[in-house]
$ cat protein20.pdb   # PDB, C-alpha atoms, pLDDT in the B column
ATOM      1  CA  MET L 199     -18.391   4.995  12.280  1.00 68.00           C
ATOM      2  CA  GLU L 200     -14.609   4.834  12.695  1.00 82.00           C
ATOM      3  CA  PHE L 201     -12.283   3.670   9.926  1.00 93.00           C
ATOM      4  CA  ARG L 202      -8.634   2.559  10.072  1.00 93.00           C
ATOM      5  CA  ASN L 203      -8.316   3.276   6.365  1.00 94.00           C
ATOM      6  CA  PHE L 204      -7.196   6.877   5.921  1.00 91.00           C
ATOM      7  CA  LEU L 205      -9.211   7.544   2.771  1.00 93.00           C
ATOM      8  CA  LEU L 206     -12.438   6.377   4.383  1.00 95.00           C
ATOM      9  CA  ALA L 207     -11.581   8.295   7.558  1.00 93.00           C
ATOM     10  CA  ALA L 208     -11.238  11.490   5.486  1.00 93.00           C
ATOM     11  CA  LEU L 209     -14.772  11.255   4.052  1.00 95.00           C
ATOM     12  CA  ALA L 210     -17.160  14.091   4.786  1.00 95.00           C
ATOM     13  CA  PRO L 211     -19.965  13.094   7.201  1.00 95.00           C
ATOM     14  CA  GLU L 212     -22.584  13.254   4.448  1.00 97.00           C
ATOM     15  CA  ASP L 213     -20.506  10.901   2.267  1.00 97.00           C
ATOM     16  CA  VAL L 214     -20.089   8.456   5.147  1.00 96.00           C
ATOM     17  CA  GLU L 215     -23.843   8.469   5.632  1.00 96.00           C
ATOM     18  CA  ALA L 216     -24.489   7.865   1.932  1.00 97.00           C
ATOM     19  CA  LEU L 217     -21.898   5.094   1.486  1.00 97.00           C
ATOM     20  CA  THR L 218     -22.164   3.209   4.787  1.00 96.00           C
ATOM     21  CA  PRO L 219     -25.063   0.940   3.697  1.00 97.00           C
ATOM     22  CA  ASP L 220     -22.825  -0.486   0.948  1.00 98.00           C
ATOM     23  CA  LEU L 221     -19.622  -0.870   2.993  1.00 98.00           C
ATOM     24  CA  ARG L 222     -18.619  -4.390   4.041  1.00 97.00           C
ATOM     25  CA  GLU L 223     -15.718  -5.462   6.269  1.00 96.00           C
ATOM     26  CA  VAL L 224     -13.860  -8.499   4.917  1.00 97.00           C
ATOM     27  CA  SER L 225     -10.819 -10.603   5.768  1.00 97.00           C
ATOM     28  CA  LEU L 226      -8.216 -10.989   3.034  1.00 97.00           C
ATOM     29  CA  ALA L 227      -5.984 -14.068   2.870  1.00 96.00           C
ATOM     30  CA  ARG L 228      -2.322 -13.947   1.854  1.00 92.00           C
ATOM     31  CA  THR L 229      -1.813 -14.441  -1.934  1.00 91.00           C
ATOM     32  CA  GLN L 230      -5.555 -13.882  -2.584  1.00 96.00           C
ATOM     33  CA  VAL L 231      -5.916 -12.325  -6.045  1.00 95.00           C
ATOM     34  CA  LEU L 232      -8.224  -9.297  -6.125  1.00 97.00           C
ATOM     35  CA  TYR L 233      -7.881  -8.322  -9.808  1.00 96.00           C
ATOM     36  CA  GLU L 234      -6.275  -9.657 -12.953  1.00 93.00           C
ATOM     37  CA  PRO L 235      -5.232  -7.423 -15.882  1.00 91.00           C
ATOM     38  CA  GLY L 236      -8.182  -6.623 -18.113  1.00 93.00           C
ATOM     39  CA  ALA L 237     -10.795  -7.325 -15.446  1.00 94.00           C
ATOM     40  CA  ALA L 238     -13.474  -4.876 -14.430  1.00 94.00           C
ATOM     41  CA  ALA L 239     -13.041  -3.466 -10.926  1.00 94.00           C
ATOM     42  CA  GLU L 240     -16.467  -4.216  -9.505  1.00 96.00           C
ATOM     43  CA  LEU L 241     -15.332  -3.769  -5.888  1.00 97.00           C
ATOM     44  CA  ILE L 242     -13.021  -1.221  -4.280  1.00 98.00           C
ATOM     45  CA  TYR L 243     -10.908  -2.551  -1.412  1.00 98.00           C
ATOM     46  CA  PHE L 244      -9.970  -0.109   1.352  1.00 97.00           C
ATOM     47  CA  PRO L 245      -7.320  -1.971   3.409  1.00 97.00           C
ATOM     48  CA  SER L 246      -7.483  -1.609   7.177  1.00 96.00           C
ATOM     49  CA  SER L 247      -4.575  -3.884   8.125  1.00 94.00           C
ATOM     50  CA  ALA L 248      -3.983  -5.876   4.920  1.00 96.00           C
ATOM     51  CA  CYS L 249      -1.323  -4.871   2.401  1.00 94.00           C
ATOM     52  CA  ILE L 250      -1.933  -5.298  -1.334  1.00 95.00           C
ATOM     53  CA  SER L 251       0.773  -5.855  -3.954  1.00 90.00           C
ATOM     54  CA  VAL L 252       0.387  -4.284  -7.407  1.00 90.00           C
ATOM     55  CA  VAL L 253       2.333  -6.132 -10.090  1.00 86.00           C
ATOM     56  CA  GLU L 254       2.893  -5.570 -13.792  1.00 82.00           C
ATOM     57  CA  VAL L 255       2.656  -8.819 -15.768  1.00 75.00           C
ATOM     58  CA  LEU L 256       5.192  -8.834 -18.628  1.00 77.00           C
ATOM     59  CA  GLN L 257       4.909 -10.657 -21.946  1.00 77.00           C
ATOM     60  CA  ASP L 258       7.221 -13.433 -20.747  1.00 78.00           C
ATOM     61  CA  SER L 259       4.843 -13.954 -17.769  1.00 72.00           C
ATOM     62  CA  ARG L 260       7.209 -12.415 -15.245  1.00 68.00           C
ATOM     63  CA  ALA L 261       5.474 -10.304 -12.599  1.00 69.00           C
ATOM     64  CA  VAL L 262       7.217  -7.156 -11.350  1.00 73.00           C
ATOM     65  CA  GLU L 263       5.912  -5.282  -8.324  1.00 78.00           C
ATOM     66  CA  THR L 264       5.267  -1.600  -9.018  1.00 81.00           C
ATOM     67  CA  ALA L 265       3.489  -0.527  -5.828  1.00 85.00           C
ATOM     68  CA  THR L 266       1.881  -1.608  -2.586  1.00 88.00           C
ATOM     69  CA  ILE L 267      -1.412  -0.432  -1.145  1.00 92.00           C
ATOM     70  CA  GLY L 268      -2.222  -0.287   2.545  1.00 92.00           C
ATOM     71  CA  ARG L 269      -4.506   1.614   4.864  1.00 92.00           C
ATOM     72  CA  GLU L 270      -3.456   4.932   3.303  1.00 90.00           C
ATOM     73  CA  SER L 271      -5.164   4.102   0.033  1.00 89.00           C
ATOM     74  CA  ALA L 272      -7.603   1.977  -1.953  1.00 95.00           C
ATOM     75  CA  THR L 273      -7.410  -0.401  -4.886  1.00 96.00           C
ATOM     76  CA  ALA L 274      -8.108   0.491  -8.523  1.00 94.00           C
ATOM     77  CA  LEU L 275      -9.595   3.859  -7.633  1.00 94.00           C
ATOM     78  CA  LEU L 276      -8.722   5.553 -10.925  1.00 93.00           C
ATOM     79  CA  ASP L 277     -10.054   2.631 -12.978  1.00 95.00           C
ATOM     80  CA  VAL L 278     -13.258   2.714 -10.955  1.00 96.00           C
ATOM     81  CA  MET L 279     -13.679   6.438 -11.574  1.00 95.00           C
ATOM     82  CA  LEU L 280     -13.002   6.109 -15.320  1.00 94.00           C
ATOM     83  CA  GLN L 281     -14.786   2.739 -15.705  1.00 94.00           C
ATOM     84  CA  THR L 282     -11.703   1.288 -17.398  1.00 96.00           C
ATOM     85  CA  PRO L 283     -10.341  -2.274 -17.015  1.00 96.00           C
ATOM     86  CA  VAL L 284      -7.681  -2.874 -14.387  1.00 94.00           C
ATOM     87  CA  SER L 285      -4.254  -2.945 -16.057  1.00 90.00           C
ATOM     88  CA  THR L 286      -2.312  -4.750 -13.325  1.00 90.00           C
ATOM     89  CA  ARG L 287      -2.600  -7.814 -11.115  1.00 91.00           C
ATOM     90  CA  MET L 288      -3.343  -7.072  -7.479  1.00 94.00           C
ATOM     91  CA  PHE L 289      -3.017  -9.675  -4.754  1.00 94.00           C
ATOM     92  CA  VAL L 290      -2.780  -9.742  -0.973  1.00 95.00           C
ATOM     93  CA  GLN L 291       0.823  -9.462   0.165  1.00 91.00           C
ATOM     94  CA  ILE L 292       0.034  -9.347   3.903  1.00 93.00           C
ATOM     95  CA  ALA L 293      -3.204 -10.863   5.175  1.00 94.00           C
ATOM     96  CA  GLY L 294      -5.574  -8.686   7.143  1.00 95.00           C
ATOM     97  CA  SER L 295      -8.835  -6.808   7.073  1.00 96.00           C
ATOM     98  CA  ALA L 296     -10.311  -4.416   4.525  1.00 97.00           C
ATOM     99  CA  VAL L 297     -13.561  -2.641   3.773  1.00 98.00           C
ATOM    100  CA  THR L 298     -15.186  -3.159   0.384  1.00 98.00           C
ATOM    101  CA  LEU L 299     -17.482  -0.878  -1.570  1.00 98.00           C
ATOM    102  CA  PRO L 300     -19.182  -1.617  -4.903  1.00 98.00           C
ATOM    103  CA  ALA L 301     -17.617   0.471  -7.645  1.00 97.00           C
ATOM    104  CA  ALA L 302     -21.048   1.493  -8.908  1.00 97.00           C
ATOM    105  CA  ALA L 303     -21.949   2.959  -5.507  1.00 98.00           C
ATOM    106  CA  TYR L 304     -18.744   4.997  -5.435  1.00 98.00           C
ATOM    107  CA  ARG L 305     -19.319   6.363  -8.945  1.00 97.00           C
ATOM    108  CA  ALA L 306     -22.921   7.235  -8.152  1.00 97.00           C
ATOM    109  CA  ARG L 307     -21.854   9.177  -5.081  1.00 97.00           C
ATOM    110  CA  LEU L 308     -19.141  11.007  -7.059  1.00 96.00           C
ATOM    111  CA  VAL L 309     -21.852  12.486  -9.290  1.00 96.00           C
ATOM    112  CA  GLU L 310     -23.752  13.791  -6.276  1.00 96.00           C
ATOM    113  CA  SER L 311     -20.879  14.873  -4.031  1.00 97.00           C
ATOM    114  CA  PRO L 312     -18.309  17.577  -4.891  1.00 96.00           C
ATOM    115  CA  SER L 313     -16.547  16.807  -1.587  1.00 95.00           C
ATOM    116  CA  LEU L 314     -15.974  13.153  -2.543  1.00 96.00           C
ATOM    117  CA  LEU L 315     -14.772  14.144  -6.016  1.00 95.00           C
ATOM    118  CA  GLN L 316     -12.269  16.627  -4.567  1.00 93.00           C
ATOM    119  CA  LEU L 317     -11.049  14.113  -1.970  1.00 93.00           C
ATOM    120  CA  SER L 318     -10.587  11.493  -4.693  1.00 94.00           C
ATOM    121  CA  HIS L 319      -8.552  13.887  -6.843  1.00 92.00           C
ATOM    122  CA  LEU L 320      -6.350  14.955  -3.914  1.00 89.00           C
ATOM    123  CA  HIS L 321      -5.868  11.320  -2.957  1.00 88.00           C
ATOM    124  CA  LEU L 322      -4.850  10.294  -6.470  1.00 90.00           C
ATOM    125  CA  ARG L 323      -2.425  13.236  -6.652  1.00 89.00           C
ATOM    126  CA  ALA L 324      -0.752  12.065  -3.430  1.00 87.00           C
ATOM    127  CA  VAL L 325      -0.495   8.497  -4.725  1.00 86.00           C
ATOM    128  CA  VAL L 326       1.115   9.721  -7.966  1.00 88.00           C
ATOM    129  CA  ARG L 327       3.586  11.790  -5.948  1.00 88.00           C
ATOM    130  CA  GLN L 328       4.516   8.717  -3.913  1.00 85.00           C
ATOM    131  CA  ALA L 329       5.160   6.804  -7.130  1.00 84.00           C
ATOM    132  CA  GLU L 330       7.374   9.602  -8.490  1.00 89.00           C
ATOM    133  CA  ILE L 331       9.468   9.622  -5.328  1.00 87.00           C
ATOM    134  CA  ALA L 332       9.793   5.826  -5.420  1.00 83.00           C
ATOM    135  CA  VAL L 333      11.179   5.921  -8.984  1.00 84.00           C
ATOM    136  CA  ALA L 334      13.787   8.519  -7.993  1.00 89.00           C
ATOM    137  CA  CYS L 335      14.684   6.505  -4.895  1.00 85.00           C
ATOM    138  CA  ASN L 336      15.155   3.237  -6.785  1.00 81.00           C
ATOM    139  CA  ILE L 337      17.538   4.947  -9.203  1.00 86.00           C
ATOM    140  CA  SER L 338      19.504   7.060  -6.740  1.00 88.00           C
ATOM    141  CA  HIS L 339      19.806   5.326  -3.365  1.00 89.00           C
ATOM    142  CA  PRO L 340      21.595   2.181  -2.122  1.00 89.00           C
ATOM    143  CA  ALA L 341      19.756  -1.062  -1.460  1.00 89.00           C
ATOM    144  CA  ASP L 342      20.059  -0.955   2.333  1.00 90.00           C
ATOM    145  CA  ALA L 343      18.430   2.495   2.538  1.00 90.00           C
ATOM    146  CA  ARG L 344      15.670   1.360   0.148  1.00 89.00           C
ATOM    147  CA  LEU L 345      15.034  -1.735   2.269  1.00 91.00           C
ATOM    148  CA  VAL L 346      14.696   0.380   5.410  1.00 92.00           C
ATOM    149  CA  ARG L 347      12.278   2.680   3.559  1.00 90.00           C
ATOM    150  CA  TRP L 348      10.171  -0.288   2.437  1.00 88.00           C
ATOM    151  CA  LEU L 349      10.029  -1.752   5.952  1.00 92.00           C
ATOM    152  CA  LEU L 350       8.982   1.563   7.470  1.00 92.00           C
ATOM    153  CA  MET L 351       6.349   2.043   4.764  1.00 89.00           C
ATOM    154  CA  THR L 352       5.015  -1.468   5.362  1.00 90.00           C
ATOM    155  CA  GLU L 353       4.735  -0.663   9.060  1.00 92.00           C
ATOM    156  CA  ASP L 354       2.801   2.485   8.128  1.00 89.00           C
ATOM    157  CA  ARG L 355       0.525   0.668   5.706  1.00 88.00           C
ATOM    158  CA  THR L 356      -0.377  -2.199   8.020  1.00 90.00           C
ATOM    159  CA  GLY L 357      -0.529  -0.081  11.168  1.00 90.00           C
ATOM    160  CA  SER L 358       1.603  -2.646  13.004  1.00 91.00           C
ATOM    161  CA  ALA L 359       5.279  -2.871  13.962  1.00 93.00           C
ATOM    162  CA  SER L 360       5.188  -6.626  13.307  1.00 93.00           C
ATOM    163  CA  PHE L 361       4.228  -8.171   9.970  1.00 91.00           C
ATOM    164  CA  PRO L 362       4.989 -11.277   7.871  1.00 89.00           C
ATOM    165  CA  LEU L 363       7.556 -10.628   5.139  1.00 86.00           C
ATOM    166  CA  THR L 364       9.827 -13.189   3.520  1.00 85.00           C
ATOM    167  CA  GLN L 365      13.378 -12.554   2.358  1.00 84.00           C
ATOM    168  CA  GLU L 366      12.278 -13.468  -1.167  1.00 83.00           C
ATOM    169  CA  TYR L 367       9.743 -10.676  -1.117  1.00 81.00           C
ATOM    170  CA  MET L 368      12.182  -8.197   0.412  1.00 84.00           C
ATOM    171  CA  ALA L 369      14.517  -9.014  -2.489  1.00 81.00           C
ATOM    172  CA  VAL L 370      11.723  -8.194  -4.952  1.00 75.00           C
ATOM    173  CA  MET L 371      10.965  -4.972  -3.112  1.00 75.00           C
ATOM    174  CA  THR L 372      14.548  -3.743  -3.258  1.00 79.00           C
ATOM    175  CA  GLY L 373      15.562  -5.231  -6.611  1.00 75.00           C
ATOM    176  CA  VAL L 374      18.537  -7.189  -5.255  1.00 82.00           C
ATOM    177  CA  GLN L 375      19.385 -10.859  -4.733  1.00 84.00           C
ATOM    178  CA  ARG L 376      18.138 -12.730  -1.682  1.00 85.00           C
ATOM    179  CA  THR L 377      21.694 -13.187  -0.354  1.00 90.00           C
ATOM    180  CA  THR L 378      22.099  -9.409  -0.300  1.00 90.00           C
ATOM    181  CA  VAL L 379      18.791  -8.983   1.527  1.00 88.00           C
ATOM    182  CA  SER L 380      19.794 -11.659   4.028  1.00 89.00           C
ATOM    183  CA  ALA L 381      23.023  -9.800   4.805  1.00 93.00           C
ATOM    184  CA  MET L 382      21.221  -6.449   5.150  1.00 92.00           C
ATOM    185  CA  ALA L 383      18.526  -7.924   7.415  1.00 90.00           C
ATOM    186  CA  ALA L 384      21.178  -9.624   9.573  1.00 90.00           C
ATOM    187  CA  SER L 385      23.007  -6.309   9.937  1.00 93.00           C
ATOM    188  CA  MET L 386      19.833  -4.500  11.007  1.00 93.00           C
ATOM    189  CA  LYS L 387      18.987  -7.266  13.466  1.00 93.00           C
ATOM    190  CA  LYS L 388      22.499  -7.143  14.964  1.00 93.00           C
ATOM    191  CA  ALA L 389      22.146  -3.373  15.378  1.00 93.00           C
ATOM    192  CA  GLY L 390      18.883  -3.875  17.292  1.00 95.00           C
ATOM    193  CA  LEU L 391      16.758  -2.148  14.652  1.00 95.00           C
ATOM    194  CA  ILE L 392      14.573  -5.124  13.768  1.00 95.00           C
ATOM    195  CA  ASP L 393      13.825  -8.648  14.889  1.00 95.00           C
ATOM    196  CA  TYR L 394      13.478 -11.219  12.136  1.00 89.00           C
ATOM    197  CA  GLN L 395      12.480 -14.855  12.501  1.00 85.00           C
ATOM    198  CA  ARG L 396      10.388 -17.368  10.598  1.00 81.00           C
ATOM    199  CA  GLY L 397       9.363 -14.891   7.942  1.00 84.00           C
ATOM    200  CA  ASN L 398       8.150 -12.291  10.405  1.00 90.00           C
ATOM    201  CA  ILE L 399       9.620  -8.794  10.752  1.00 93.00           C
ATOM    202  CA  THR L 400       9.284  -6.622  13.849  1.00 95.00           C
ATOM    203  CA  VAL L 401      10.474  -3.014  13.792  1.00 95.00           C
ATOM    204  CA  VAL L 402      12.123  -2.695  17.208  1.00 95.00           C
ATOM    205  CA  ASP L 403      13.818   0.712  16.938  1.00 95.00           C
ATOM    206  CA  GLN L 404      11.801   3.018  14.711  1.00 93.00           C
ATOM    207  CA  PRO L 405      13.920   6.146  15.361  1.00 94.00           C
ATOM    208  CA  GLY L 406      17.015   4.143  14.470  1.00 94.00           C
ATOM    209  CA  MET L 407      15.360   2.863  11.316  1.00 94.00           C
ATOM    210  CA  ARG L 408      14.359   6.409  10.330  1.00 93.00           C
ATOM    211  CA  ALA L 409      17.962   7.498  10.775  1.00 92.00           C
ATOM    212  CA  ARG L 410      19.075   4.767   8.343  1.00 92.00           C
ATOM    213  CA  ALA L 411      16.388   5.441   5.757  1.00 91.00           C
ATOM    214  CA  CYS L 412      17.081   7.629   2.761  1.00 87.00           C
ATOM    215  CA  GLU L 413      15.443  11.046   2.436  1.00 89.00           C
ATOM    216  CA  CYS L 414      12.670   9.524   0.344  1.00 88.00           C
ATOM    217  CA  TYR L 415      10.966   7.955   3.336  1.00 87.00           C
ATOM    218  CA  ALA L 416      10.294  11.363   4.898  1.00 88.00           C
ATOM    219  CA  LEU L 417       9.081  12.706   1.552  1.00 87.00           C
ATOM    220  CA  MET L 418       6.754   9.740   1.067  1.00 84.00           C
ATOM    221  CA  GLU L 419       5.603   9.902   4.675  1.00 80.00           C
ATOM    222  CA  ASP L 420       4.493  13.493   4.054  1.00 81.00           C
ATOM    223  CA  GLN L 421       2.279  12.234   1.236  1.00 76.00           C
ATOM    224  CA  PHE L 422       1.094   9.396   3.463  1.00 67.00           C
ATOM    225  CA  LYS L 423       0.111  11.861   6.192  1.00 73.00           C
ATOM    226  CA  SER L 424      -1.622  14.148   3.692  1.00 69.00           C
ATOM    227  CA  LEU L 425      -4.073  11.360   2.892  1.00 64.00           C
ATOM    228  CA  ARG L 426      -5.292  11.478   6.502  1.00 62.00           C
ATOM    229  CA  ARG L 427      -6.544  15.035   6.261  1.00 52.00           C
TER     230      ARG L 427
END
$ encode --input "protein20.pdb" --output "structure tokens"
Amino acid sequence: MEFRNFLLAALAPEDVEALTPDLREVSLARTQVLYEPGAAAELIYFPSSACISVVEVLQDSRAVETATIGRESATALLDVMLQTPVSTRMFVQIAGSAVTLPAAAYRARLVESPSLLQLSHLHLRAVVRQAEIAVACNISHPADARLVRWLLMTEDRTGSASFPLTQEYMAVMTGVQRTTVSAMAASMKKAGLIDYQRGNITVVDQPGMRARACECYALMEDQFKSLRR
């Protein structure tokens, strides 16, 4: 059985055999909420082409994005392993496919499989490292370099050079106003790096985009690639 999700693709053959009866392929719609804060994570979602937004809900009801999850990862994995409530809201940012697995089946296999436990720990370490790099990037690098990094990462996480992404959401991703994002996107389009129309982004010149990205993209890409092994 072949998987587009890197975590599933890294499973040992015996773990694939044990978990396959419980795996289900699903389609996820844009804005579909997968978890609310305080809920039990009864299903794990392993995105294949969908992209999931992780947001922190503040006391004044504002929602701030803290991470995205694509085919390199899975949702609520640590909460599933610890059997703790989900602390964030997770919803579908970009519609697409995913594979689901009941949390109970994953935990049961963890008890029986040292290989799955080790893979889970290595995976979580890589995800934490990505988060650490993102914090440093948001503090240290200009908005245009951060936007390029986000677009390249979204391409990685969806597995497609073309994906729906509004200027409003790009503003959230980079922490700047929409007018600033509009100017940056127009500049990249004029340079032939991207095409942008009707809320859809296409990465046209990936080498050119990589040249414009800050150093953090390469560092995060290394973590991204490590999840495939």
$ residues_near_point --input "protein20.pdb" --point "(-10.7, -0.6, 4.7)" --cutoff "10 Å" --atoms "all atoms listed in the file" --output "ChimeraX atom specification"
/L:201-207,221-224,242-248,268-272,294-299
$ residues_around --input "protein20.pdb" --residues "region 279-289 of chain L" --least-positions-apart "4" --cutoff "6 Å" --atoms "all atoms listed in the file" --output "PyMOL selection string"
chain L and resi 229-238+250-254
$ closest_residue --input "protein20.pdb" --among "L:Leu315, L:Pro405, L:Ala303, L:Asn336" --to "Pro219 (chain L)" --atoms "all atoms listed in the file"
L:Ala303
$ closest_residue --input "protein20.pdb" --among "L:Leu217, L:Arg376, L:Gln404, L:Glu212" --to "Asp354 (chain L)" --atoms "all atoms listed in the file"
L:Gln404
$ atom_distance --input "protein20.pdb" --atom1 "CA of Ser313 (chain L)" --atom2 "CA of Ala210 (chain L)"
7.0 Å
$ closest_residue --input "protein20.pdb" --among "L:Leu241, L:Val325, L:Leu209, L:Cys414" --to "Ile337 (chain L)" --atoms "all atoms listed in the file"
L:Cys414
$ closest_residue --input "protein20.pdb" --among "L:Pro300, L:Pro211, L:Pro362, L:Gly373" --to "Leu275 (chain L)" --atoms "all atoms listed in the file"
L:Pro300
$ atom_distance --input "protein20.pdb" --atom1 "CA of Leu345 (chain L)" --atom2 "CA of Cys412 (chain L)"
9.6 Å
$ closest_residue --input "protein20.pdb" --among "L:Asp277, L:Glu215, L:Asp258, L:Glu413" --to "Ala302 (chain L)" --atoms "all atoms listed in the file"
L:Asp277
$ atom_distance --input "protein20.pdb" --atom1 "CA of Ser360 (chain L)" --atom2 "CA of Ile392 (chain L)"
9.5 Å
$ closest_residue --input "protein20.pdb" --among "L:Glu240, L:Gly406, L:Thr377, L:Ala416" --to "Gly390 (chain L)" --atoms "only C-alpha atoms"
L:Gly406
